[in-house]
$ cat protein25.cif   # mmCIF, C-alpha atoms
data_work
loop_
_atom_site.label_atom_id
_atom_site.label_comp_id
_atom_site.auth_asym_id
_atom_site.auth_seq_id
_atom_site.Cartn_x
_atom_site.Cartn_y
_atom_site.Cartn_z
CA MET A 1 0.00 0.00 0.00
CA LEU A 2 2.88 2.35 0.73
CA GLU A 3 4.22 1.79 -2.77
CA SER A 4 0.84 2.66 -4.27
CA LEU A 5 0.70 5.83 -2.22
CA ASP A 6 4.04 6.89 -3.67
CA GLY A 7 2.63 6.33 -7.13
CA PHE A 8 -0.62 8.12 -6.53
CA SER A 9 0.10 11.11 -4.34
CA VAL A 10 1.93 12.78 -7.03
CA ALA A 11 2.57 16.12 -8.56
CA ALA A 12 5.69 19.46 -10.22
CA THR A 13 6.93 22.80 -9.66
CA ARG A 14 4.38 25.06 -11.30
CA GLN A 15 5.99 27.15 -14.00
CA ASN A 16 4.74 30.71 -13.54
CA ALA A 17 6.35 32.27 -16.59
CA GLY A 18 3.84 33.60 -19.05
CA ARG A 19 0.87 33.05 -16.75
CA SER A 20 -1.58 35.72 -15.78
CA PRO A 21 -1.82 36.77 -12.11
CA LYS A 22 -3.81 34.26 -10.08
CA GLY A 23 -6.58 36.74 -9.32
CA CYS A 24 -6.98 37.64 -13.03
CA ALA A 25 -7.98 34.32 -14.58
CA ALA A 26 -9.28 34.50 -18.11
CA ALA A 27 -13.03 34.68 -18.42
CA GLY A 28 -13.22 31.31 -20.18
CA GLU A 29 -11.16 29.64 -17.46
CA ALA A 30 -13.26 31.15 -14.68
CA ALA A 31 -16.47 30.00 -16.36
CA VAL A 32 -15.55 26.31 -16.14
CA PRO A 33 -15.08 25.01 -12.58
CA ALA A 34 -11.85 23.23 -11.87
CA LEU A 35 -13.95 20.50 -10.28
CA ARG A 36 -17.68 19.83 -10.29
CA LEU A 37 -19.71 17.18 -8.46
CA THR A 38 -23.29 16.61 -9.59
CA ASP A 39 -25.71 14.39 -7.65
CA VAL A 40 -22.90 12.25 -6.26
CA ALA A 41 -23.99 9.39 -4.00
CA ALA A 42 -21.54 6.95 -2.44
CA SER A 43 -21.94 3.74 -0.52
CA TYR A 44 -20.20 0.98 1.37
CA GLY A 45 -21.91 -2.26 0.48
CA ARG A 46 -25.65 -1.64 0.65
CA ARG A 47 -25.33 1.35 2.95
CA GLU A 48 -25.40 4.74 1.22
CA VAL A 49 -23.32 7.26 3.18
CA VAL A 50 -23.28 10.22 0.76
CA HIS A 51 -26.59 11.42 -0.66
CA SER A 52 -26.92 13.46 -3.87
CA VAL A 53 -24.07 15.91 -3.21
CA SER A 54 -23.50 18.70 -5.73
CA LEU A 55 -20.53 21.05 -5.37
CA SER A 56 -18.24 23.13 -7.55
CA LEU A 57 -14.67 24.27 -6.99
CA ALA A 58 -13.56 27.30 -8.98
CA ALA A 59 -10.15 27.73 -10.54
CA HIS A 60 -7.64 29.03 -7.95
CA GLU A 61 -10.17 28.63 -5.12
CA CYS A 62 -9.96 26.78 -1.82
CA LEU A 63 -13.23 25.15 -0.78
CA ALA A 64 -13.39 23.63 2.69
CA LEU A 65 -15.61 20.57 3.15
CA VAL A 66 -16.43 20.42 6.84
CA GLY A 67 -18.28 17.90 8.98
CA GLU A 68 -17.94 15.70 12.01
CA SER A 69 -16.41 12.24 11.87
CA GLY A 70 -18.57 9.90 9.80
CA SER A 71 -20.30 12.68 7.86
CA GLY A 72 -18.97 11.38 4.53
CA LYS A 73 -16.39 14.05 3.70
CA THR A 74 -13.45 11.67 3.24
CA THR A 75 -15.61 9.36 1.14
CA ILE A 76 -16.36 12.31 -1.16
CA ALA A 77 -12.67 13.19 -1.35
CA ARG A 78 -11.71 9.61 -2.18
CA ALA A 79 -14.43 9.43 -4.85
CA VAL A 80 -13.02 12.58 -6.46
CA ALA A 81 -9.56 10.98 -6.48
CA GLY A 82 -10.91 7.69 -7.85
CA LEU A 83 -9.87 5.77 -4.73
CA HIS A 84 -13.44 5.00 -3.65
CA THR A 85 -15.31 3.48 -6.56
CA ALA A 86 -18.79 2.73 -5.18
CA TRP A 87 -20.37 6.00 -6.27
CA THR A 88 -22.84 7.32 -8.79
CA GLY A 89 -23.45 10.75 -10.28
CA THR A 90 -20.93 12.87 -12.17
CA ILE A 91 -17.52 14.24 -11.24
CA SER A 92 -15.90 16.53 -13.81
CA LEU A 93 -12.37 17.91 -13.95
CA GLY A 94 -12.13 21.12 -15.96
CA GLY A 95 -15.39 20.22 -17.70
CA ALA A 96 -14.34 16.66 -18.62
CA GLU A 97 -16.21 13.82 -16.91
CA LEU A 98 -14.02 11.48 -14.89
CA ALA A 99 -14.18 7.70 -14.80
CA VAL A 100 -15.27 6.18 -11.50
CA SER A 101 -11.92 4.53 -10.74
CA ALA A 102 -8.47 6.14 -10.84
CA ARG A 103 -7.24 3.06 -12.74
CA ARG A 104 -9.62 3.88 -15.59
CA ARG A 105 -8.58 7.52 -15.81
CA SER A 106 -5.88 8.89 -18.07
CA GLY A 107 -2.43 9.57 -16.69
CA ASP A 108 -3.00 13.29 -17.13
CA ALA A 109 -6.27 13.17 -15.15
CA ARG A 110 -4.53 11.29 -12.34
CA ARG A 111 -1.68 13.78 -12.35
CA ARG A 112 -4.03 16.77 -12.20
CA ILE A 113 -5.80 15.55 -9.03
CA GLN A 114 -3.44 14.97 -6.13
CA TYR A 115 -4.20 13.79 -2.61
CA ILE A 116 -2.50 14.55 0.72
CA PHE A 117 -3.45 11.86 3.21
CA GLN A 118 -4.41 12.34 6.82
CA ASN A 119 -1.66 10.37 8.52
CA PRO A 120 1.87 11.67 7.89
CA TYR A 121 3.26 8.61 9.69
CA GLY A 122 1.61 6.04 7.41
CA SER A 123 1.57 7.75 4.01
CA LEU A 124 5.35 7.78 3.42
CA ASN A 125 7.32 4.67 2.50
CA PRO A 126 9.79 4.12 5.37
CA ARG A 127 12.24 2.30 3.07
CA ARG A 128 12.70 5.27 0.76
CA THR A 129 14.55 8.52 1.30
CA VAL A 130 12.69 11.81 1.18
CA GLY A 131 14.26 12.52 -2.20
CA GLN A 132 13.01 9.22 -3.59
CA ILE A 133 9.53 9.78 -2.14
CA VAL A 134 9.14 13.30 -3.53
CA GLY A 135 10.70 12.33 -6.86
CA GLN A 136 8.65 9.16 -7.40
CA PRO A 137 5.74 11.01 -9.09
CA LEU A 138 8.14 12.48 -11.65
CA LYS A 139 9.13 8.92 -12.54
CA VAL A 140 5.55 7.62 -12.54
CA PHE A 141 4.30 10.30 -14.92
CA GLY A 142 7.50 10.60 -16.96
CA THR A 143 7.74 14.28 -16.10
CA ALA A 144 11.46 14.48 -15.36
CA GLY A 145 14.46 12.29 -14.68
CA GLY A 146 18.11 12.44 -13.72
CA ARG A 147 19.49 15.83 -12.75
CA ASP A 148 16.30 17.59 -13.73
CA ALA A 149 14.29 15.44 -11.32
CA ALA A 150 16.82 16.04 -8.53
CA ARG A 151 16.63 19.79 -9.17
CA ARG A 152 12.85 19.81 -9.07
CA VAL A 153 12.80 17.75 -5.86
CA ALA A 154 15.18 20.23 -4.22
CA GLN A 155 13.06 23.17 -5.39
CA MET A 156 9.88 21.62 -4.03
CA LEU A 157 11.47 20.85 -0.66
CA GLU A 158 12.49 24.50 -0.44
CA ARG A 159 8.91 25.54 -1.26
CA VAL A 160 7.60 23.61 1.75
CA SER A 161 10.29 25.16 4.00
CA LEU A 162 12.62 22.15 4.08
CA THR A 163 16.22 22.30 2.87
CA SER A 164 17.50 20.16 0.03
CA GLY A 165 19.50 18.22 2.63
CA TYR A 166 16.28 16.56 3.74
CA SER A 167 16.31 14.55 0.51
CA ARG A 168 18.84 12.15 2.08
CA ARG A 169 16.79 11.51 5.21
CA TYR A 170 14.25 8.77 5.88
CA PRO A 171 10.72 9.33 7.23
CA ASP A 172 11.57 7.96 10.68
CA GLN A 173 14.13 10.76 11.04
CA LEU A 174 11.45 13.44 10.67
CA SER A 175 8.89 15.01 12.99
CA GLY A 176 5.18 14.78 12.20
CA GLY A 177 5.13 18.29 10.77
CA GLU A 178 8.18 17.59 8.61
CA ARG A 179 6.60 14.39 7.31
CA GLN A 180 3.48 16.28 6.33
CA ARG A 181 5.61 18.86 4.52
CA VAL A 182 7.23 16.02 2.58
CA ALA A 183 3.76 14.69 1.70
CA ILE A 184 2.80 18.17 0.47
CA ALA A 185 5.95 18.38 -1.65
CA ARG A 186 5.21 14.97 -3.17
CA ALA A 187 1.69 16.05 -4.03
CA LEU A 188 2.87 19.23 -5.77
CA VAL A 189 5.92 18.08 -7.70
CA CYS A 190 4.01 17.14 -10.88
CA ASP A 191 1.95 20.32 -11.21
CA PRO A 192 -1.62 19.34 -10.22
CA THR A 193 -4.72 21.36 -10.93
CA VAL A 194 -6.69 20.17 -7.89
CA LEU A 195 -5.16 19.41 -4.51
CA ILE A 196 -7.19 17.38 -1.99
CA CYS A 197 -6.14 17.85 1.64
CA ASP A 198 -7.82 15.16 3.74
CA GLU A 199 -7.67 16.07 7.45
CA VAL A 200 -4.00 16.88 6.96
CA THR A 201 -3.63 18.56 10.36
CA SER A 202 -5.63 16.21 12.56
CA ALA A 203 -2.61 14.09 13.61
CA LEU A 204 -0.53 17.17 14.50
CA ASP A 205 -0.46 19.36 17.59
CA VAL A 206 -2.09 22.79 17.45
CA SER A 207 1.07 24.84 16.90
CA VAL A 208 2.13 22.62 14.00
CA GLN A 209 -1.41 22.68 12.59
CA ALA A 210 -1.23 26.46 12.32
CA ALA A 211 2.08 26.33 10.44
CA ILE A 212 0.87 23.64 8.01
CA VAL A 213 -2.37 25.51 7.30
CA GLU A 214 -0.45 28.73 6.67
CA LEU A 215 1.89 26.88 4.32
CA LEU A 216 -1.01 25.37 2.37
CA GLY A 217 -2.72 28.73 2.09
CA ASN A 218 0.44 30.34 0.74
CA LEU A 219 1.05 27.52 -1.74
CA GLN A 220 -2.55 27.60 -2.94
CA ARG A 221 -2.29 31.31 -3.69
CA ASP A 222 1.26 31.28 -5.07
CA LEU A 223 0.75 28.27 -7.36
CA GLY A 224 -2.84 29.06 -8.34
CA LEU A 225 -4.14 25.73 -7.10
CA SER A 226 -7.74 24.71 -6.68
CA MET A 227 -7.90 23.06 -3.27
CA LEU A 228 -10.49 20.87 -1.57
CA PHE A 229 -9.72 21.09 2.15
CA ILE A 230 -11.34 18.36 4.24
CA THR A 231 -11.63 18.94 7.99
CA HIS A 232 -13.86 18.50 11.01
CA ASN A 233 -12.67 21.82 12.48
CA LEU A 234 -14.83 24.62 11.10
CA PRO A 235 -12.80 27.46 12.70
CA LEU A 236 -9.66 26.10 11.04
CA VAL A 237 -10.91 26.97 7.56
CA ARG A 238 -10.82 30.71 8.26
CA SER A 239 -7.11 30.86 7.49
CA VAL A 240 -7.08 28.82 4.27
CA ALA A 241 -10.45 28.75 2.44
CA GLN A 242 -12.57 31.24 0.56
CA ARG A 243 -15.76 29.14 0.68
CA VAL A 244 -17.03 26.39 2.94
CA ALA A 245 -19.52 23.56 2.50
CA VAL A 246 -20.89 21.94 5.66
CA LEU A 247 -21.70 18.22 5.48
CA SER A 248 -23.99 16.39 7.90
CA GLU A 249 -24.86 12.69 7.59
CA GLY A 250 -23.84 12.66 3.94
CA ARG A 251 -25.78 15.76 2.90
CA ILE A 252 -24.70 19.36 2.29
CA VAL A 253 -26.56 21.54 4.78
CA GLU A 254 -24.86 24.90 4.21
CA VAL A 255 -22.57 26.50 1.62
CA GLY A 256 -21.21 30.03 1.62
CA ASP A 257 -18.29 32.39 1.92
CA VAL A 258 -16.12 31.52 4.90
CA GLY A 259 -16.49 34.88 6.63
CA GLN A 260 -20.26 34.84 6.33
CA VAL A 261 -20.71 31.25 7.49
CA LEU A 262 -18.38 31.66 10.47
CA ALA A 263 -19.86 34.99 11.52
CA ASP A 264 -23.51 34.12 10.99
CA PRO A 265 -24.10 30.38 10.41
CA GLY A 266 -27.54 29.66 9.08
CA GLN A 267 -27.93 26.10 10.33
CA PRO A 268 -27.96 24.71 13.90
CA TYR A 269 -25.50 21.98 12.87
CA THR A 270 -23.00 24.61 11.67
CA ARG A 271 -23.36 26.54 14.92
CA GLN A 272 -22.70 23.34 16.84
CA LEU A 273 -19.51 22.65 14.87
CA LEU A 274 -18.28 26.14 15.71
CA SER A 275 -19.04 25.80 19.39
CA ASP A 276 -17.29 22.42 19.58
CA THR A 277 -13.82 23.78 18.64
CA PRO A 278 -13.29 27.19 20.28
CA SER A 279 -9.82 26.41 21.56
CA LEU A 280 -8.43 25.76 18.06
CA GLU A 281 -9.88 29.02 16.76
CA THR A 282 -8.16 30.84 19.61
CA ALA A 283 -4.86 29.07 18.92
CA ILE A 284 -4.95 30.01 15.25
CA ALA A 285 -5.76 33.64 16.08
CA GLU A 286 -2.79 33.72 18.45
CA ALA A 287 -0.59 32.36 15.66
CA GLY A 288 -1.52 35.37 13.51
CA LEU A 289 -3.64 33.40 11.04
CA ALA A 290 -7.07 34.72 11.91
CA GLU A 291 -7.62 36.82 8.78
CA PRO A 292 -9.37 35.00 5.93
CA PRO A 293 -7.28 34.57 2.78
CA ALA A 294 -7.69 36.90 -0.16
CA ASP A 295 -10.07 35.60 -2.82
CA THR A 296 -7.83 34.51 -5.68
CA SER A 297 -10.45 32.53 -7.58
CA GLY A 298 -11.51 35.34 -9.89
CA ARG A 299 -15.07 34.84 -8.69
#
$ encode --input "protein25.cif" --output "structure tokens"
Amino acid sequence: MLESLDGFSVAATRQNAGRSPKGCAAAGEAAVPALRLTDVAASYGRREVVHSVSLSLAAHECLALVGESGSGKTTIARAVAGLHTAWTGTISLGGAELAVSARRRSGDARRRIQYIFQNPYGSLNPRRTVGQIVGQPLKVFGTAGGRDAARRVAQMLERVSLTSGYSRRYPDQLSGGERQRVAIARALVCDPTVLICDEVTSALDVSVQAAIVELLGNLQRDLGLSMLFITHNLPLVRSVAQRVAVLSEGRIVEVGDVGQVLADPGQPYTRQLLSDTPSLETAIAEAGLAEPPADTSGR
């Protein structure tokens, strides 16, 4: 399974030359969502756990999908990535409908959707160096090799605030936060369009959570990524997302701009989620991350 994770969680340094500023996307690009879900239902065996979910993620936007444990948010994320295959409905990437399973999708479609897993201790192959882990996607997709691959690995490690010297280390020589930074670098090294972050801070302590969320927010804006940010902590999304969708028992109960939903939630379930995590909101404010990110989606 660790080998398959190396092959899937994949992605390259985005080349910015010749690209328009992230907040000035062309009208045609802005008109087509980076990702669209239409009437998606998902199940485990005979039990349906996601019910007719429809969502869109704009180009260069971060959408947070929030709900308590068991609400179906990770199942949705895995369906988008083609890792969970018991689903119906339509999922489109840049206007093109995706096959149900990742194995049936083109290499380019797999490259364009990348996944950062929840557990930084289990998602990295302990028998490979950091350089091999981050560089594996370049090999899988034929993006780069040799010195070029080594250069791109070093550049991506620098982007996630690790030095190139980390490429010679093994996962068991890293802290939890450093491991998650390596996972982020691996997911970005092949230039994805959509980045899925599945509870990427839940295994980390609060101070490290704040740093990882700030890093992801900066990368999303700098690289022009579309990001689906999965979490059970509604206050956490203030520092990274522009919009939020609240999921309860497999159904979307509220969608809106982050500032509006956090300041004046319209549903009792949303208010309950906010009240359940006040300490994290306070910790993030103390870390200087309380301001919502600028809207770079061109919406």
$ resolve_selection --input "protein25.cif" --expression "the PyMOL selection byres ((chain A and resi 61) around 6)" --output "ChimeraX atom specification"
/A:58-60,62,226,297
$ residues_around --input "protein25.cif" --residues "Ser248 of chain A" --least-positions-apart "2" --cutoff "10 Å" --atoms "all atoms listed in the file" --output "list of chain:residue names"
A:Val50, A:Val66, A:Gly67, A:Glu68, A:Ser69, A:Gly70, A:Ser71, A:Gly72, A:Lys73, A:Val246, A:Gly250, A:Arg251, A:Ile252, A:Val253, A:Glu254, A:Tyr269, A:Thr270
$ write_last_selection --input "protein25.cif" --atoms "C-alpha atoms" --output "short mmCIF file (atom, residue, chain, number, x, y, z; two decimals), in the coordinates of the input"
data_model
loop_
_atom_site.label_atom_id
_atom_site.label_comp_id
_atom_site.auth_asym_id
_atom_site.auth_seq_id
_atom_site.Cartn_x
_atom_site.Cartn_y
_atom_site.Cartn_z
CA VAL A 50 -23.28 10.22 0.76
CA VAL A 66 -16.43 20.42 6.84
CA GLY A 67 -18.28 17.90 8.98
CA GLU A 68 -17.94 15.70 12.01
CA SER A 69 -16.41 12.24 11.87
CA GLY A 70 -18.57 9.90 9.80
CA SER A 71 -20.30 12.68 7.86
CA GLY A 72 -18.97 11.38 4.53
CA LYS A 73 -16.39 14.05 3.70
CA VAL A 246 -20.89 21.94 5.66
CA GLY A 250 -23.84 12.66 3.94
CA ARG A 251 -25.78 15.76 2.90
CA ILE A 252 -24.70 19.36 2.29
CA VAL A 253 -26.56 21.54 4.78
CA GLU A 254 -24.86 24.90 4.21
CA TYR A 269 -25.50 21.98 12.87
CA THR A 270 -23.00 24.61 11.67
#
$ residues_around --input "protein25.cif" --residues "segment 230-233 of chain A" --least-positions-apart "2" --cutoff "8 Å" --atoms "all atoms listed in the file" --output "list in words"
Ala64, Leu65, Val66, Gly67, Glu68, Ser69, Lys73, Thr74, Ala77, Ile196, Cys197, Asp198, Glu199, Val200, Leu228, Pro235, Leu236, Val237, Leu273, Leu274 and Thr277 of chain A
$ atom_distance --input "protein25.cif" --atom1 "atom CA of Gly266 of chain A" --atom2 "atom CA of Asn218 of chain A"
29.2 Å
$ atom_distance --input "protein25.cif" --atom1 "atom CA of Val182 of chain A" --atom2 "atom CA of Val160 of chain A"
7.6 Å
$ closest_residue --input "protein25.cif" --among "A:Leu63, A:Val100, A:Val189, A:Val240" --to "Glu214 of chain A" --atoms "all atoms listed in the file"
A:Val240
$ resolve_selection --input "protein25.cif" --expression "the PyMOL selection byres ((chain A and resi 48) around 12)" --output "number ranges by chain"
A: 40-47, 49-52, 71-72, 75, 86-88, 249-251
$ resolve_selection --input "protein25.cif" --expression "the PyMOL selection byres ((chain A and resi 90) around 7)" --output "PDB file with C-alpha atoms, keeping the file's coordinate frame"
ATOM      1  CA  LEU A  37     -19.710  17.180  -8.460  1.00  0.00           C
ATOM      2  CA  THR A  38     -23.290  16.610  -9.590  1.00  0.00           C
ATOM      3  CA  ASP A  39     -25.710  14.390  -7.650  1.00  0.00           C
ATOM      4  CA  VAL A  40     -22.900  12.250  -6.260  1.00  0.00           C
ATOM      5  CA  THR A  88     -22.840   7.320  -8.790  1.00  0.00           C
ATOM      6  CA  GLY A  89     -23.450  10.750 -10.280  1.00  0.00           C
ATOM      7  CA  ILE A  91     -17.520  14.240 -11.240  1.00  0.00           C
ATOM      8  CA  SER A  92     -15.900  16.530 -13.810  1.00  0.00           C
ATOM      9  CA  GLU A  97     -16.210  13.820 -16.910  1.00  0.00           C
TER      10      GLU A  97
END
$ closest_residue --input "protein25.cif" --among "A:Gly224, A:Pro171, A:Gly82, A:Gly131" --to "Thr193 of chain A" --atoms "only C-alpha atoms"
A:Gly224
$ closest_atom_pairs --input "protein25.cif" --of "segment 174-201 of chain A" --to "segment 164-167 of chain A" --cutoff "12 Å" --atoms "all atoms listed in the file" --output "tab-separated table"
residue	atom	partner	partner_atom	distance
A:Leu174	CA	A:Tyr166	CA	9.0
A:Ser175	CA	A:Tyr166	CA	11.9
A:Glu178	CA	A:Tyr166	CA	9.5
A:Arg179	CA	A:Tyr166	CA	10.5
A:Arg181	CA	A:Tyr166	CA	10.9
A:Val182	CA	A:Tyr166	CA	9.1
A:Ala185	CA	A:Ser167	CA	11.3
A:Arg186	CA	A:Ser167	CA	11.7
$ atom_distance --input "protein25.cif" --atom1 "atom CA of Gly146 of chain A" --atom2 "atom CA of Val134 of chain A"
13.6 Å
$ closest_residue --input "protein25.cif" --among "A:Arg104, A:Arg78, A:Arg152, A:Arg36" --to "Phe117 of chain A" --atoms "only C-alpha atoms"
A:Arg78
$ residues_around --input "protein25.cif" --residues "Arg128 of chain A" --least-positions-apart "2" --cutoff "12 Å" --atoms "all atoms listed in the file" --output "VMD selection string"
chain A and resid 2 to 3 6 123 to 126 130 to 136 167 to 173
$ write_last_selection --input "protein25.cif" --atoms "C-alpha atoms" --output "PDB file, keeping the file's coordinate frame"
ATOM      1  CA  LEU A   2       2.880   2.350   0.730  1.00  0.00           C
ATOM      2  CA  GLU A   3       4.220   1.790  -2.770  1.00  0.00           C
ATOM      3  CA  ASP A   6       4.040   6.890  -3.670  1.00  0.00           C
ATOM      4  CA  SER A 123       1.570   7.750   4.010  1.00  0.00           C
ATOM      5  CA  LEU A 124       5.350   7.780   3.420  1.00  0.00           C
ATOM      6  CA  ASN A 125       7.320   4.670   2.500  1.00  0.00           C
ATOM      7  CA  PRO A 126       9.790   4.120   5.370  1.00  0.00           C
ATOM      8  CA  VAL A 130      12.690  11.810   1.180  1.00  0.00           C
ATOM      9  CA  GLY A 131      14.260  12.520  -2.200  1.00  0.00           C
ATOM     10  CA  GLN A 132      13.010   9.220  -3.590  1.00  0.00           C
ATOM     11  CA  ILE A 133       9.530   9.780  -2.140  1.00  0.00           C
ATOM     12  CA  VAL A 134       9.140  13.300  -3.530  1.00  0.00           C
ATOM     13  CA  GLY A 135      10.700  12.330  -6.860  1.00  0.00           C
ATOM     14  CA  GLN A 136       8.650   9.160  -7.400  1.00  0.00           C
ATOM     15  CA  SER A 167      16.310  14.550   0.510  1.00  0.00           C
ATOM     16  CA  ARG A 168      18.840  12.150   2.080  1.00  0.00           C
ATOM     17  CA  ARG A 169      16.790  11.510   5.210  1.00  0.00           C
ATOM     18  CA  TYR A 170      14.250   8.770   5.880  1.00  0.00           C
ATOM     19  CA  PRO A 171      10.720   9.330   7.230  1.00  0.00           C
ATOM     20  CA  ASP A 172      11.570   7.960  10.680  1.00  0.00           C
ATOM     21  CA  GLN A 173      14.130  10.760  11.040  1.00  0.00           C
TER      22      GLN A 173
END
$ closest_residue --input "protein25.cif" --among "A:Asp191, A:Leu234, A:Asp108, A:Gly145" --to "Ser275 of chain A" --atoms "all atoms listed in the file"
A:Leu234
$ closest_residue --input "protein25.cif" --among "A:Leu219, A:Ala210, A:Ile116, A:Val140" --to "Gln180 of chain A" --atoms "all atoms listed in the file"
A:Ile116
$ closest_residue --input "protein25.cif" --among "A:Ala81, A:Leu55, A:Val258, A:Met227" --to "Ala102 of chain A" --atoms "only C-alpha atoms"
A:Ala81
$ build_atoms --input "protein25.cif" --residues "segment 67-91 of chain A" --atoms "N, CA and C atoms" --output "PDB file, in the frame of the given file"
ATOM      1  N   GLY A  67     -17.263  18.701   8.323  1.00  0.00           N
ATOM      2  CA  GLY A  67     -18.280  17.900   8.980  1.00  0.00           C
ATOM      3  C   GLY A  67     -17.640  17.049  10.052  1.00  0.00           C
ATOM      4  N   GLU A  68     -18.465  16.542  10.943  1.00  0.00           N
ATOM      5  CA  GLU A  68     -17.940  15.700  12.010  1.00  0.00           C
ATOM      6  C   GLU A  68     -17.521  14.349  11.457  1.00  0.00           C
ATOM      7  N   SER A  69     -16.841  13.570  12.276  1.00  0.00           N
ATOM      8  CA  SER A  69     -16.410  12.240  11.870  1.00  0.00           C
ATOM      9  C   SER A  69     -17.607  11.393  11.452  1.00  0.00           C
ATOM     10  N   GLY A  70     -17.486  10.739  10.297  1.00  0.00           N
ATOM     11  CA  GLY A  70     -18.570   9.900   9.800  1.00  0.00           C
ATOM     12  C   GLY A  70     -19.575  10.628   8.938  1.00  0.00           C
ATOM     13  N   SER A  71     -19.333  11.913   8.653  1.00  0.00           N
ATOM     14  CA  SER A  71     -20.300  12.680   7.860  1.00  0.00           C
ATOM     15  C   SER A  71     -20.201  12.379   6.370  1.00  0.00           C
ATOM     16  N   GLY A  72     -19.106  11.743   5.934  1.00  0.00           N
ATOM     17  CA  GLY A  72     -18.970  11.380   4.530  1.00  0.00           C
ATOM     18  C   GLY A  72     -17.964  12.216   3.758  1.00  0.00           C
ATOM     19  N   LYS A  73     -17.271  13.131   4.429  1.00  0.00           N
ATOM     20  CA  LYS A  73     -16.390  14.050   3.700  1.00  0.00           C
ATOM     21  C   LYS A  73     -15.181  13.343   3.086  1.00  0.00           C
ATOM     22  N   THR A  74     -14.576  12.401   3.815  1.00  0.00           N
ATOM     23  CA  THR A  74     -13.450  11.670   3.240  1.00  0.00           C
ATOM     24  C   THR A  74     -13.898  10.752   2.116  1.00  0.00           C
ATOM     25  N   THR A  75     -15.083  10.184   2.227  1.00  0.00           N
ATOM     26  CA  THR A  75     -15.610   9.360   1.140  1.00  0.00           C
ATOM     27  C   THR A  75     -15.762  10.178  -0.129  1.00  0.00           C
ATOM     28  N   ILE A  76     -16.247  11.415  -0.006  1.00  0.00           N
ATOM     29  CA  ILE A  76     -16.360  12.310  -1.160  1.00  0.00           C
ATOM     30  C   ILE A  76     -14.983  12.584  -1.745  1.00  0.00           C
ATOM     31  N   ALA A  77     -14.017  12.897  -0.885  1.00  0.00           N
ATOM     32  CA  ALA A  77     -12.670  13.190  -1.350  1.00  0.00           C
ATOM     33  C   ALA A  77     -12.068  12.000  -2.090  1.00  0.00           C
ATOM     34  N   ARG A  78     -12.256  10.812  -1.560  1.00  0.00           N
ATOM     35  CA  ARG A  78     -11.710   9.610  -2.180  1.00  0.00           C
ATOM     36  C   ARG A  78     -12.427   9.291  -3.499  1.00  0.00           C
ATOM     37  N   ALA A  79     -13.711   9.610  -3.583  1.00  0.00           N
ATOM     38  CA  ALA A  79     -14.430   9.430  -4.850  1.00  0.00           C
ATOM     39  C   ALA A  79     -13.870  10.380  -5.912  1.00  0.00           C
ATOM     40  N   VAL A  80     -13.603  11.615  -5.527  1.00  0.00           N
ATOM     41  CA  VAL A  80     -13.020  12.580  -6.460  1.00  0.00           C
ATOM     42  C   VAL A  80     -11.682  12.065  -6.987  1.00  0.00           C
ATOM     43  N   ALA A  81     -10.879  11.485  -6.093  1.00  0.00           N
ATOM     44  CA  ALA A  81      -9.560  10.980  -6.480  1.00  0.00           C
ATOM     45  C   ALA A  81      -9.623   9.640  -7.208  1.00  0.00           C
ATOM     46  N   GLY A  82     -10.788   8.996  -7.214  1.00  0.00           N
ATOM     47  CA  GLY A  82     -10.910   7.690  -7.850  1.00  0.00           C
ATOM     48  C   GLY A  82     -10.439   6.558  -6.976  1.00  0.00           C
ATOM     49  N   LEU A  83     -10.300   6.805  -5.670  1.00  0.00           N
ATOM     50  CA  LEU A  83      -9.870   5.770  -4.730  1.00  0.00           C
ATOM     51  C   LEU A  83     -11.051   5.014  -4.144  1.00  0.00           C
ATOM     52  N   HIS A  84     -12.189   5.672  -4.025  1.00  0.00           N
ATOM     53  CA  HIS A  84     -13.440   5.000  -3.650  1.00  0.00           C
ATOM     54  C   HIS A  84     -14.281   4.896  -4.914  1.00  0.00           C
ATOM     55  N   THR A  85     -14.673   3.694  -5.260  1.00  0.00           N
ATOM     56  CA  THR A  85     -15.310   3.480  -6.560  1.00  0.00           C
ATOM     57  C   THR A  85     -16.798   3.173  -6.497  1.00  0.00           C
ATOM     58  N   ALA A  86     -17.359   3.023  -5.297  1.00  0.00           N
ATOM     59  CA  ALA A  86     -18.790   2.730  -5.180  1.00  0.00           C
ATOM     60  C   ALA A  86     -19.562   4.036  -5.104  1.00  0.00           C
ATOM     61  N   TRP A  87     -19.623   4.740  -6.242  1.00  0.00           N
ATOM     62  CA  TRP A  87     -20.370   6.000  -6.270  1.00  0.00           C
ATOM     63  C   TRP A  87     -21.060   6.175  -7.613  1.00  0.00           C
ATOM     64  N   THR A  88     -22.099   6.978  -7.580  1.00  0.00           N
ATOM     65  CA  THR A  88     -22.840   7.320  -8.790  1.00  0.00           C
ATOM     66  C   THR A  88     -22.933   8.838  -8.883  1.00  0.00           C
ATOM     67  N   GLY A  89     -23.406   9.317 -10.029  1.00  0.00           N
ATOM     68  CA  GLY A  89     -23.450  10.750 -10.280  1.00  0.00           C
ATOM     69  C   GLY A  89     -22.350  11.116 -11.256  1.00  0.00           C
ATOM     70  N   THR A  90     -21.943  12.382 -11.241  1.00  0.00           N
ATOM     71  CA  THR A  90     -20.930  12.870 -12.170  1.00  0.00           C
ATOM     72  C   THR A  90     -19.893  13.693 -11.433  1.00  0.00           C
ATOM     73  N   ILE A  91     -18.623  13.419 -11.717  1.00  0.00           N
ATOM     74  CA  ILE A  91     -17.520  14.240 -11.240  1.00  0.00           C
ATOM     75  C   ILE A  91     -16.731  14.675 -12.473  1.00  0.00           C
TER      76      ILE A  91
END
